[in-house]
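What follows is the content of data17.cif (mmCIF, C-alpha atoms (C1' of nucleotides)).
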```
data_entry
loop_
_atom_site.label_atom_id
_atom_site.label_comp_id
_atom_site.auth_asym_id
_atom_site.auth_seq_id
_atom_site.Cartn_x
_atom_site.Cartn_y
_atom_site.Cartn_z
CA MET A 39 -60.10 -15.64 265.22
CA ILE A 40 -56.70 -17.12 265.51
CA PHE A 41 -53.21 -16.16 264.57
CA HIS A 42 -49.87 -17.88 264.81
CA PHE A 43 -46.44 -17.00 263.69
CA ARG A 44 -43.89 -19.30 265.23
CA ASN A 45 -41.95 -20.88 262.34
CA LYS A 46 -44.18 -19.17 259.80
CA PHE A 47 -42.00 -16.09 259.90
CA PRO A 48 -38.60 -17.16 261.17
CA GLN A 49 -37.47 -13.54 261.30
CA LEU A 50 -39.71 -13.13 264.31
CA ASN A 51 -38.30 -16.04 266.27
CA PRO A 52 -35.77 -13.94 268.23
CA PHE A 53 -38.64 -11.84 269.55
CA TRP A 54 -40.55 -14.95 270.40
CA ASP A 55 -37.58 -16.56 272.13
CA LYS A 56 -37.12 -13.51 274.29
CA TYR A 57 -40.46 -14.29 275.88
CA LEU A 58 -39.81 -17.98 276.37
CA PRO A 59 -39.07 -17.52 280.09
CA PHE A 60 -42.60 -16.24 280.66
CA GLN A 61 -44.22 -19.29 279.20
CA LYS A 62 -45.83 -22.03 281.22
CA ARG A 63 -45.43 -25.59 280.07
CA LEU A 64 -48.40 -27.95 280.37
CA ASP A 65 -48.38 -31.70 279.88
CA ILE A 66 -52.05 -32.56 279.58
CA PRO A 67 -54.35 -35.43 278.58
CA ALA A 68 -56.85 -35.47 275.72
CA LYS A 69 -60.08 -33.50 276.08
CA THR A 70 -58.50 -30.86 278.28
CA ILE A 71 -60.10 -27.48 277.82
CA LEU A 72 -57.63 -24.63 277.35
CA LEU A 73 -60.23 -21.91 276.85
CA LYS A 74 -63.93 -22.20 277.46
CA GLU A 75 -66.60 -20.48 275.36
CA GLY A 76 -67.77 -17.44 277.31
CA LYS A 77 -64.49 -16.91 279.18
CA VAL A 78 -62.00 -14.20 278.30
CA SER A 79 -58.84 -15.48 276.65
CA GLN A 80 -55.82 -14.93 278.92
CA ASN A 81 -53.09 -16.70 276.97
CA TYR A 82 -51.46 -17.21 273.67
CA ILE A 83 -51.26 -20.96 273.13
CA PHE A 84 -48.39 -22.75 271.45
CA ILE A 85 -48.45 -26.49 270.71
CA GLU A 86 -45.23 -28.40 271.16
CA LYS A 87 -46.81 -31.83 270.81
CA GLY A 88 -50.35 -33.01 270.23
CA CYS A 89 -53.47 -31.58 268.69
CA VAL A 90 -56.17 -29.13 269.71
CA ARG A 91 -59.40 -28.13 268.09
CA ALA A 92 -61.39 -24.91 268.20
CA PHE A 93 -65.16 -25.26 268.22
CA PHE A 94 -68.33 -23.59 269.30
CA ASN A 95 -71.51 -25.01 270.67
CA ASN A 96 -74.84 -24.65 268.95
CA ASN A 97 -77.56 -26.07 271.20
CA GLY A 98 -75.69 -29.12 272.26
CA ASP A 99 -74.14 -29.52 268.85
CA ASP A 100 -70.40 -29.05 268.43
CA LYS A 101 -69.20 -27.14 265.38
CA THR A 102 -65.48 -27.55 264.87
CA VAL A 103 -63.82 -24.57 263.23
CA GLN A 104 -60.19 -25.58 262.97
CA PHE A 105 -57.55 -28.10 264.04
CA PHE A 106 -54.05 -27.21 265.22
CA PHE A 107 -50.98 -29.40 265.49
CA GLU A 108 -47.30 -29.35 266.45
CA ASN A 109 -45.52 -26.00 266.14
CA GLU A 110 -48.70 -24.05 265.64
CA GLY A 111 -49.95 -21.29 267.90
CA LEU A 112 -53.38 -19.86 268.39
CA THR A 113 -55.67 -17.84 270.53
CA SER A 114 -59.28 -16.76 270.45
CA PHE A 115 -58.48 -13.63 268.52
CA ASP A 116 -61.45 -11.43 269.36
CA SER A 117 -61.49 -12.41 273.01
CA PHE A 118 -57.74 -11.93 273.33
CA THR A 119 -57.69 -8.60 271.55
CA ASN A 120 -60.87 -7.01 272.83
CA ASN A 121 -61.26 -8.64 276.25
CA VAL A 122 -64.66 -10.04 275.39
CA PRO A 123 -66.03 -13.53 276.11
CA SER A 124 -64.68 -16.04 273.65
CA LEU A 125 -67.02 -17.39 271.01
CA ILE A 126 -65.08 -20.61 270.86
CA THR A 127 -63.79 -23.37 273.07
CA ILE A 128 -60.27 -24.67 272.63
CA GLU A 129 -59.52 -28.22 273.76
CA THR A 130 -56.99 -30.96 273.16
CA THR A 131 -58.01 -33.99 271.12
CA GLU A 132 -54.89 -35.92 272.14
CA PRO A 133 -52.51 -35.94 275.10
CA SER A 134 -50.48 -32.80 274.40
CA VAL A 135 -47.63 -30.57 275.48
CA ILE A 136 -48.65 -26.94 275.45
CA TYR A 137 -46.98 -23.61 276.20
CA LEU A 138 -49.02 -20.71 277.46
CA LEU A 139 -47.80 -17.13 277.10
CA PRO A 140 -49.87 -14.82 279.31
CA LYS A 141 -51.64 -12.08 277.46
CA GLN A 142 -49.71 -9.19 278.97
CA TYR A 143 -46.45 -10.56 277.56
CA ALA A 144 -47.96 -11.42 274.22
CA LEU A 145 -49.27 -7.88 273.89
CA GLN A 146 -45.90 -6.52 274.93
CA LEU A 147 -44.31 -8.64 272.22
CA VAL A 148 -46.69 -7.25 269.61
CA GLU A 149 -46.04 -3.75 270.82
CA GLU A 150 -42.29 -4.26 270.47
CA LEU A 151 -42.79 -5.35 266.89
CA THR A 152 -44.96 -2.33 266.27
CA ARG A 153 -42.01 -0.08 266.97
CA GLU A 154 -39.86 -1.69 264.28
CA PRO A 155 -41.18 -0.45 260.93
CA GLU A 156 -39.64 -3.33 259.05
CA PHE A 157 -41.69 -5.75 261.12
CA VAL A 158 -44.95 -3.89 260.76
CA GLN A 159 -45.19 -4.87 257.12
CA LEU A 160 -44.51 -8.41 258.20
CA MET A 161 -47.30 -8.30 260.74
CA LEU A 162 -49.67 -6.94 258.17
CA GLN A 163 -48.64 -9.78 255.89
CA MET A 164 -49.27 -12.16 258.75
CA PHE A 165 -52.75 -10.82 259.18
CA ALA A 166 -53.37 -10.89 255.47
CA GLN A 167 -52.33 -14.51 255.45
CA ARG A 168 -54.68 -15.37 258.29
CA GLN A 169 -57.49 -13.52 256.62
CA MET A 170 -56.81 -15.38 253.42
CA HIS A 171 -56.97 -18.65 255.27
CA TYR A 172 -60.39 -17.92 256.69
CA MET A 173 -61.59 -16.63 253.38
CA ASN A 174 -60.59 -19.86 251.74
CA GLU A 175 -62.30 -21.92 254.42
CA PHE A 176 -65.39 -19.80 253.97
CA PHE A 177 -65.35 -20.10 250.19
CA SER A 178 -64.87 -23.82 250.39
CA PHE A 179 -67.87 -24.06 252.69
CA ILE A 180 -69.99 -22.06 250.29
CA ARG A 181 -68.78 -23.68 247.12
CA ASP A 182 -68.09 -27.33 247.81
CA THR A 183 -70.24 -30.26 248.81
CA PRO A 184 -69.29 -32.10 252.01
CA GLU A 185 -67.97 -34.93 249.86
CA GLN A 186 -65.69 -32.55 247.97
CA ARG A 187 -64.52 -31.05 251.24
CA TYR A 188 -63.75 -34.49 252.59
CA LEU A 189 -61.81 -35.45 249.48
CA SER A 190 -59.91 -32.20 249.70
CA LEU A 191 -58.98 -32.98 253.30
CA LEU A 192 -57.85 -36.44 252.20
CA THR A 193 -55.51 -35.10 249.56
CA ASN A 194 -54.38 -31.82 251.13
CA ARG A 195 -54.34 -32.52 254.85
CA PRO A 196 -54.44 -36.28 255.34
CA HIS A 197 -52.80 -35.98 258.77
CA ILE A 198 -56.02 -34.47 260.08
CA ILE A 199 -58.05 -37.47 259.01
CA GLN A 200 -55.46 -39.83 260.41
CA ARG A 201 -55.15 -38.23 263.82
CA VAL A 202 -58.58 -36.83 264.61
CA PRO A 203 -61.62 -38.92 265.64
CA GLN A 204 -64.18 -39.07 262.90
CA HIS A 205 -67.00 -37.26 264.66
CA TYR A 206 -64.78 -34.19 264.96
CA ILE A 207 -64.10 -34.40 261.25
CA ALA A 208 -67.84 -34.57 260.60
CA SER A 209 -68.37 -31.55 262.80
CA TYR A 210 -65.63 -29.75 260.90
CA LEU A 211 -67.09 -30.65 257.51
CA GLY A 212 -70.50 -29.48 258.67
CA VAL A 213 -72.32 -32.82 258.42
CA SER A 214 -73.63 -35.42 260.81
CA THR A 215 -71.46 -38.40 261.72
CA VAL A 216 -73.93 -40.60 259.90
CA HIS A 217 -73.55 -38.68 256.71
CA LEU A 218 -69.78 -38.68 256.90
CA SER A 219 -69.96 -42.47 257.17
CA ARG A 220 -72.13 -42.49 254.07
CA ILE A 221 -69.64 -40.31 252.22
CA LYS A 222 -66.76 -42.58 253.17
CA SER A 223 -68.58 -45.74 252.11
CA LYS A 224 -69.61 -44.11 248.85
CA ILE A 225 -66.00 -43.18 248.11
CA ALA A 226 -64.84 -46.66 249.06
CA LYS A 227 -67.32 -48.19 246.62
CA GLY A 228 -66.16 -45.83 243.89
CA ASN A 229 -62.58 -46.98 244.40
CA ALA A 230 -63.48 -50.66 244.62
CA HIS A 231 -61.91 -51.91 241.39
CA PHE A 232 -60.90 -55.54 241.91
CA MET B 261 -60.60 -10.31 251.14
CA ILE B 262 -61.70 -6.80 251.56
CA PHE B 263 -60.90 -3.91 253.81
CA HIS B 264 -62.28 -0.44 254.15
CA PHE B 265 -61.62 2.36 256.54
CA ARG B 266 -63.17 5.56 255.31
CA ASN B 267 -65.52 6.81 258.07
CA LYS B 268 -64.82 3.71 260.13
CA PHE B 269 -61.74 5.34 261.63
CA PRO B 270 -62.17 9.09 261.28
CA GLN B 271 -58.64 9.64 262.57
CA LEU B 272 -57.41 8.32 259.25
CA ASN B 273 -59.46 10.65 257.11
CA PRO B 274 -56.73 13.29 256.73
CA PHE B 275 -54.48 10.66 255.22
CA TRP B 276 -57.25 9.56 252.95
CA ASP B 277 -58.05 13.11 251.86
CA LYS B 278 -54.45 13.71 250.94
CA TYR B 279 -54.88 11.12 248.21
CA LEU B 280 -58.18 12.43 246.93
CA PRO B 281 -56.54 14.12 243.93
CA PHE B 282 -55.32 10.77 242.67
CA GLN B 283 -58.76 9.25 242.59
CA LYS B 284 -60.80 8.72 239.46
CA ARG B 285 -64.52 9.32 239.60
CA LEU B 286 -66.79 6.94 237.71
CA ASP B 287 -70.50 7.38 237.08
CA ILE B 288 -71.59 3.95 235.96
CA PRO B 289 -74.75 1.92 235.28
CA ALA B 290 -75.85 -1.25 237.05
CA LYS B 291 -74.00 -4.51 236.28
CA THR B 292 -70.76 -2.77 235.54
CA ILE B 293 -67.81 -4.94 236.40
CA LEU B 294 -65.12 -3.15 238.44
CA LEU B 295 -62.85 -6.16 238.83
CA LYS B 296 -63.12 -9.45 237.02
CA GLU B 297 -62.30 -12.83 238.53
CA GLY B 298 -58.87 -13.83 237.27
CA LYS B 299 -57.61 -10.27 236.79
CA VAL B 300 -55.19 -8.58 239.15
CA SER B 301 -56.75 -5.86 241.27
CA GLN B 302 -55.36 -2.44 240.36
CA ASN B 303 -57.50 -0.14 242.47
CA TYR B 304 -58.95 0.50 245.83
CA ILE B 305 -62.66 1.09 245.33
CA PHE B 306 -64.73 3.60 247.25
CA ILE B 307 -68.50 3.89 246.84
CA GLU B 308 -69.99 7.36 246.92
CA LYS B 309 -73.41 6.27 245.73
CA GLY B 310 -74.91 2.94 244.79
CA CYS B 311 -74.24 -0.67 245.61
CA VAL B 312 -71.74 -3.29 244.53
CA ARG B 313 -71.48 -6.97 245.24
CA ALA B 314 -68.51 -9.30 245.43
CA PHE B 315 -69.03 -12.80 244.11
CA PHE B 316 -67.28 -15.74 242.59
CA ASN B 317 -68.37 -18.13 239.92
CA ASN B 318 -68.72 -21.84 240.51
CA ASN B 319 -69.48 -23.57 237.22
CA GLY B 320 -71.94 -21.02 235.98
CA ASP B 321 -73.36 -20.49 239.43
CA ASP B 322 -72.84 -17.12 241.15
CA LYS B 323 -71.94 -17.16 244.82
CA THR B 324 -72.28 -13.73 246.37
CA VAL B 325 -69.91 -13.08 249.23
CA GLN B 326 -70.75 -9.56 250.34
CA PHE B 327 -72.65 -6.38 249.49
CA PHE B 328 -71.24 -2.86 249.79
CA PHE B 329 -73.06 0.45 249.91
CA GLU B 330 -72.51 4.19 250.22
CA ASN B 331 -69.35 5.27 252.04
CA GLU B 332 -67.83 1.85 252.04
CA GLY B 333 -64.57 0.90 250.39
CA LEU B 334 -63.24 -2.42 249.24
CA THR B 335 -60.77 -4.28 247.15
CA SER B 336 -59.96 -7.89 246.39
CA PHE B 337 -57.57 -8.16 249.27
CA ASP B 338 -55.37 -11.04 248.16
CA SER B 339 -55.15 -9.88 244.59
CA PHE B 340 -54.40 -6.32 245.64
CA THR B 341 -51.79 -7.30 248.21
CA ASN B 342 -50.06 -10.18 246.48
CA ASN B 343 -50.54 -9.31 242.80
CA VAL B 344 -52.32 -12.57 242.11
CA PRO B 345 -55.46 -13.14 240.01
CA SER B 346 -58.56 -12.18 241.96
CA LEU B 347 -60.80 -14.95 243.21
CA ILE B 348 -63.80 -12.67 243.06
CA THR B 349 -65.63 -10.41 240.68
CA ILE B 350 -66.80 -7.00 241.85
CA GLU B 351 -69.75 -5.44 240.06
CA THR B 352 -72.41 -2.82 240.63
CA THR B 353 -75.98 -3.90 241.26
CA GLU B 354 -77.31 -0.37 240.78
CA PRO B 355 -76.27 2.73 238.88
CA SER B 356 -73.40 3.99 241.04
CA VAL B 357 -70.81 6.67 241.61
CA ILE B 358 -67.43 5.13 242.36
CA TYR B 359 -63.96 6.45 243.17
CA LEU B 360 -60.92 4.43 242.20
CA LEU B 361 -57.59 4.94 243.94
CA PRO B 362 -54.80 3.28 241.93
CA LYS B 363 -52.91 0.65 243.83
CA GLN B 364 -49.58 2.49 243.89
CA TYR B 365 -51.14 5.37 245.82
CA ALA B 366 -53.09 3.10 248.12
CA LEU B 367 -49.91 1.24 249.00
CA GLN B 368 -48.12 4.53 249.52
CA LEU B 369 -50.89 5.54 251.90
CA VAL B 370 -50.54 2.34 253.88
CA GLU B 371 -46.80 2.79 253.98
CA GLU B 372 -47.21 6.29 255.37
CA LEU B 373 -49.41 4.95 258.12
CA THR B 374 -46.84 2.28 258.84
CA ARG B 375 -44.36 4.95 259.81
CA GLU B 376 -46.62 6.43 262.47
CA PRO B 377 -46.57 4.03 265.41
CA GLU B 378 -49.84 5.37 266.81
CA PHE B 379 -51.57 4.38 263.57
CA VAL B 380 -50.09 0.95 263.38
CA GLN B 381 -52.16 -0.18 266.33
CA LEU B 382 -55.16 1.31 264.54
CA MET B 383 -54.38 -0.63 261.41
CA LEU B 384 -54.04 -3.81 263.38
CA GLN B 385 -57.40 -3.06 264.94
CA MET B 386 -58.80 -2.48 261.48
CA PHE B 387 -57.57 -5.86 260.36
CA ALA B 388 -58.86 -7.48 263.52
CA GLN B 389 -62.24 -5.95 262.81
CA ARG B 390 -62.27 -7.22 259.24
CA GLN B 391 -61.21 -10.64 260.38
CA MET B 392 -63.95 -10.62 262.98
CA HIS B 393 -66.47 -9.75 260.29
CA TYR B 394 -65.52 -12.69 258.11
CA MET B 395 -65.41 -14.96 261.12
CA ASN B 396 -68.94 -14.01 261.98
CA GLU B 397 -70.12 -14.55 258.43
CA PHE B 398 -68.43 -17.92 258.45
CA PHE B 399 -69.91 -18.93 261.80
CA SER B 400 -73.35 -17.85 260.70
CA PHE B 401 -73.00 -19.99 257.61
CA ILE B 402 -71.99 -23.00 259.66
CA ARG B 403 -74.45 -22.51 262.45
CA ASP B 404 -77.66 -21.12 261.00
CA THR B 405 -80.23 -22.43 258.57
CA PRO B 406 -80.91 -20.35 255.45
CA GLU B 407 -84.19 -19.27 257.02
CA GLN B 408 -82.42 -18.01 260.14
CA ARG B 409 -79.90 -16.20 257.99
CA TYR B 410 -82.67 -14.56 256.01
CA LEU B 411 -84.47 -13.48 259.17
CA SER B 412 -81.23 -12.11 260.53
CA LEU B 413 -80.78 -10.09 257.33
CA LEU B 414 -84.33 -8.81 257.70
CA THR B 415 -83.77 -7.54 261.22
CA ASN B 416 -80.12 -6.51 261.11
CA ARG B 417 -79.59 -5.30 257.55
CA PRO B 418 -83.00 -4.70 256.00
CA HIS B 419 -81.54 -2.21 253.51
CA ILE B 420 -79.86 -5.10 251.74
CA ILE B 421 -83.15 -6.88 251.18
CA GLN B 422 -84.80 -3.67 250.09
CA ARG B 423 -82.18 -2.66 247.57
CA VAL B 424 -80.79 -5.87 246.16
CA PRO B 425 -82.60 -8.15 243.67
CA GLN B 426 -83.74 -11.33 245.28
CA HIS B 427 -81.63 -13.76 243.30
CA TYR B 428 -78.50 -12.05 244.62
CA ILE B 429 -79.86 -12.44 248.14
CA ALA B 430 -80.42 -16.13 247.48
CA SER B 431 -76.90 -16.46 246.16
CA TYR B 432 -75.64 -14.68 249.27
CA LEU B 433 -77.65 -16.90 251.63
CA GLY B 434 -76.38 -19.97 249.82
CA VAL B 435 -79.71 -21.25 248.52
CA SER B 436 -81.49 -21.42 245.17
CA THR B 437 -83.89 -18.64 244.21
CA VAL B 438 -86.70 -21.17 244.41
CA HIS B 439 -85.87 -22.04 247.98
CA LEU B 440 -85.61 -18.40 249.01
CA SER B 441 -89.11 -17.90 247.64
CA ARG B 442 -90.26 -20.84 249.73
CA ILE B 443 -88.63 -19.37 252.82
CA LYS B 444 -90.32 -16.04 252.23
CA SER B 445 -93.73 -17.57 251.70
CA LYS B 446 -93.29 -19.74 254.78
CA ILE B 447 -92.45 -16.67 256.87
CA ALA B 448 -95.38 -14.77 255.38
CA LYS B 449 -97.75 -17.59 256.35
CA GLY B 450 -96.35 -17.62 259.87
CA ASN B 451 -97.05 -13.91 260.20
CA ALA B 452 -100.50 -14.12 258.65
CA HIS B 453 -102.65 -13.26 261.67
CA PHE B 454 -105.82 -11.57 260.43
"C1'" DC C 103 -61.67 -60.13 283.60
"C1'" DC C 104 -65.78 -57.56 283.09
"C1'" DG C 105 -68.70 -53.60 282.31
"C1'" DG C 106 -69.09 -49.29 280.46
"C1'" DC C 107 -67.88 -46.07 277.10
"C1'" DA C 108 -65.97 -44.10 272.80
"C1'" DC C 109 -66.03 -44.86 268.11
"C1'" DG C 110 -67.81 -46.08 263.78
"C1'" DA C 111 -71.10 -48.52 260.31
"C1'" DT C 112 -75.65 -49.12 258.63
"C1'" DA C 113 -80.79 -49.07 257.91
"C1'" DA C 114 -85.21 -46.63 257.80
"C1'" DC C 115 -87.52 -42.79 257.78
"C1'" DA C 116 -88.17 -37.52 257.83
"C1'" DT C 117 -86.91 -33.08 256.27
"C1'" DA C 118 -84.39 -29.66 253.62
"C1'" DT C 119 -82.94 -28.17 249.47
"C1'" DG C 120 -81.97 -28.39 244.42
"C1'" DT C 121 -83.75 -28.71 239.55
"C1'" DT C 122 -86.75 -27.97 235.96
"C1'" DA C 123 -90.71 -26.09 234.11
"C1'" DT C 124 -94.40 -22.75 233.87
"C1'" DC C 125 -96.68 -18.47 234.66
"C1'" DA C 126 -97.21 -13.50 235.61
"C1'" DA C 127 -95.90 -8.84 236.22
"C1'" DG C 128 -92.69 -5.21 235.55
"C1'" DT C 129 -88.93 -2.84 232.82
"C1'" DT C 130 -85.97 -1.95 229.36
"C1'" DT C 131 -84.90 -1.45 224.63
"C1'" DA C 132 -85.15 -1.38 219.74
"C1'" DT D 76 -95.51 0.24 221.12
"C1'" DA D 77 -93.95 -4.61 220.69
"C1'" DA D 78 -90.49 -7.75 221.82
"C1'" DA D 79 -87.13 -9.18 224.95
"C1'" DC D 80 -85.48 -9.47 229.29
"C1'" DT D 81 -85.58 -9.33 234.44
"C1'" DT D 82 -87.63 -10.52 238.52
"C1'" DG D 83 -90.31 -13.38 241.40
"C1'" DA D 84 -93.84 -17.14 242.66
"C1'" DT D 85 -95.22 -21.83 242.56
"C1'" DA D 86 -95.69 -26.92 241.54
"C1'" DA D 87 -93.65 -31.51 240.91
"C1'" DC D 88 -90.14 -34.28 241.31
"C1'" DA D 89 -85.17 -35.69 242.59
"C1'" DT D 90 -81.39 -35.61 245.65
"C1'" DA D 91 -78.87 -34.51 249.86
"C1'" DT D 92 -78.72 -34.57 254.50
"C1'" DG D 93 -80.49 -35.08 259.32
"C1'" DT D 94 -82.46 -38.11 263.05
"C1'" DT D 95 -83.10 -42.09 265.52
"C1'" DA D 96 -82.17 -46.62 266.45
"C1'" DT D 97 -79.34 -50.73 266.37
"C1'" DC D 98 -75.17 -53.26 266.13
"C1'" DG D 99 -70.22 -54.38 266.59
"C1'" DT D 100 -65.59 -53.52 268.04
"C1'" DG D 101 -61.99 -52.04 270.82
"C1'" DC D 102 -60.23 -49.76 274.80
"C1'" DC D 103 -59.84 -48.43 279.56
"C1'" DG D 104 -60.56 -48.50 284.44
"C1'" DG D 105 -62.25 -50.96 288.46
#
```
In structure tokens, write the structure found in this file.
Amino acid sequence: MIFHFRNKFPQLNPFWDKYLPFQKRLDIPAKTILLKEGKVSQNYIFIEKGCVRAFFNNNGDDKTVQFFFENEGLTSFDSFTNNVPSLITIETTEPSVIYLLPKQYALQLVEELTREPEFVQLMLQMFAQRQMHYMNEFFSFIRDTPEQRYLSLLTNRPHIIQRVPQHYIASYLGVSTVHLSRIKSKIAKGNAHF
Amino acid sequence: MIFHFRNKFPQLNPFWDKYLPFQKRLDIPAKTILLKEGKVSQNYIFIEKGCVRAFFNNNGDDKTVQFFFENEGLTSFDSFTNNVPSLITIETTEPSVIYLLPKQYALQLVEELTREPEFVQLMLQMFAQRQMHYMNEFFSFIRDTPEQRYLSLLTNRPHIIQRVPQHYIASYLGVSTVHLSRIKSKIAKGNAHF
DNA sequence: CCGGCACGATAACATATGTTATCAAGTTTA
DNA sequence: TAAACTTGATAACATATGTTATCGTGCCGG
């Protein structure tokens, strides 16, 4: 659903920089919605400072899909590409500084890359990498218990746990806030060697 | 993890046909393994007749990721692209007729497409479509109960339920075979209006 | 400074799902 | 054809997870 390339593929930065003048800078508080479920995505979003989360609503119940931090970019991929209503909402979880690149320019940028054969392979790689990411998330969801997923977050992406309110973490792990509390207290007991 | 384009994008068929001579035809029984977890994928797989499933093993426990049928193609995307051990096993669930296109030719085919700008957009679309597919699978896993997922299979892809042994369905839905039986009997009771 | 709200912990109970065991009906194979 | 295996249903019990309610703490805005 989401792709980002800034700093992932430095070779592309010159192309990116060329479009800097078309970007709009936003300095916004927490809980600001950048794209609402059901609306058509009009921008590519780049995070200079702060954190946003992507989630969808299932009868009143938030399901967080992914967190994004400094120097990451994203968009609602299907909505952006196919002009359909977005399945997800994108909102800040902290006060943030965001750059928006309007769709027309983002598409123009992609089209420019398309004409340079040496970059096409790179773009394919980019997509492969994204696909791999979602595959891994999916596999982890299938394979691991919520406790394992929490422990994996703790060791592999501790910044998420440090910066994001716990109920979002629960929604990301696919459990209730109550159960996440249980998991944490269980782990704490396990580590309680005096 | 997997991509396939035959018949999805008829414009590409001429390219595909050009590589027909390099394909190897296999006429194989059920439960034949085409790619084993841990091995590096060496072929693009196209199904003329039959059914294969992709799964991974989690301490003795099969987790089915996807089913493929006639006129669909697949490969273990990461393994194929990055020459790393495959995360998944691919095996037939029925006697099948399979065509294998060795990796070198498949890559050559992709490279040819890369040089035709009008096809690059198509390839990107192809990837977007694949990504969308996995996203939807992922969302469904997060959002829906196993019962809802089973009902959705029943209405949207009944051929899967008809052709595939039930324990593979259970493994695909993410529940035990016992629980799938329970779900089925619960549904049957609900529909039992004499 | 106070009142409300966001955040998190915990208990008690309800429900969903896994595990193990048993049985029965096909199907395949020696 | 008999034995072995595959497939599926069901019961009984164990565990995981959700739901609701209550409490405490800290923060933020009037």
Residues matched by the PyMOL selection byres ((chain B) within 12 of (chain C)) as a ChimeraX atom specification: /B:405-407,434-440,442-443
May I have the selected residues written with C-alpha atoms, as an mmCIF file, in the frame of the given file?
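What landed in part_27.cif:
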```
data_model
loop_
_atom_site.group_PDB
_atom_site.id
_atom_site.type_symbol
_atom_site.label_atom_id
_atom_site.label_comp_id
_atom_site.auth_asym_id
_atom_site.auth_seq_id
_atom_site.Cartn_x
_atom_site.Cartn_y
_atom_site.Cartn_z
ATOM 1 C CA THR B 405 -80.230 -22.430 258.570
ATOM 2 C CA PRO B 406 -80.910 -20.350 255.450
ATOM 3 C CA GLU B 407 -84.190 -19.270 257.020
ATOM 4 C CA GLY B 434 -76.380 -19.970 249.820
ATOM 5 C CA VAL B 435 -79.710 -21.250 248.520
ATOM 6 C CA SER B 436 -81.490 -21.420 245.170
ATOM 7 C CA THR B 437 -83.890 -18.640 244.210
ATOM 8 C CA VAL B 438 -86.700 -21.170 244.410
ATOM 9 C CA HIS B 439 -85.870 -22.040 247.980
ATOM 10 C CA LEU B 440 -85.610 -18.400 249.010
ATOM 11 C CA ARG B 442 -90.260 -20.840 249.730
ATOM 12 C CA ILE B 443 -88.630 -19.370 252.820
#
```
8 Å contacts from chain B to chain A using all atoms listed in the file, as a list in words: Met261, Asn318, Lys323, Phe337, Asp338, Thr374, Arg375, Pro377, Val380, Gln381, Leu384, Phe387, Ala388, Gln391, Met392, Tyr394, Met395, Phe398, Ile402, Arg403 and Gly434 of chain B
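Pairwise distance (CA of Trp54 in chain A, CA of Phe106 in chain A) equals 19.0 Å.
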Distance-based interface of chain D with chain A, 10 Å, counting only C-alpha atoms (C1' of nucleotides), as a PDB file with C-alpha atoms (C1' of nucleotides), in the frame of the given file:
```
ATOM      1  C1'  DA D  91     -78.870 -34.510 249.860  1.00  0.00           C
ATOM      2  C1'  DT D  92     -78.720 -34.570 254.500  1.00  0.00           C
ATOM      3  C1'  DG D  93     -80.490 -35.080 259.320  1.00  0.00           C
ATOM      4  C1'  DT D  94     -82.460 -38.110 263.050  1.00  0.00           C
TER       5       DT D  94
END
```
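The space between CA of Thr349 in chain B and CA of Thr292 in chain B spans 10.5 Å.
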Shell of 8 Å around range 130-138 of chain A, all atoms listed in the file, local chain residues under 3 positions omitted, as a PyMOL selection string: chain A and resi 61-72+81-91+202
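The coordinates place CA of Phe269 in chain B at 8.2 Å from CA of Leu382 in chain B.
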Target residues per the PyMOL selection byres ((chain B and resi 346) around 9), formatted as a list of chain:residue names: B:Leu295, B:Lys296, B:Glu297, B:Gly298, B:Lys299, B:Val300, B:Ser301, B:Ser336, B:Phe337, B:Asp338, B:Ser339, B:Phe340, B:Asn343, B:Val344, B:Pro345, B:Leu347, B:Ile348, B:Thr349
Top pick for closest residue to DG83 in chain D, considering B:Ala448, B:Gln302, B:Pro425, B:Glu351 and counting only C-alpha atoms (C1' of nucleotides): B:Pro425
Where is the centre and how long are the edges: axis-aligned box on range 77-88 of chain D, 6 Å on each side, Å to one decimal, as lines of an AutoDock Vina configuration file:
```
center_x = -90.6
center_y = -19.4
center_z = 231.7
size_x = 22.2
size_y = 41.7
size_z = 34.0
```
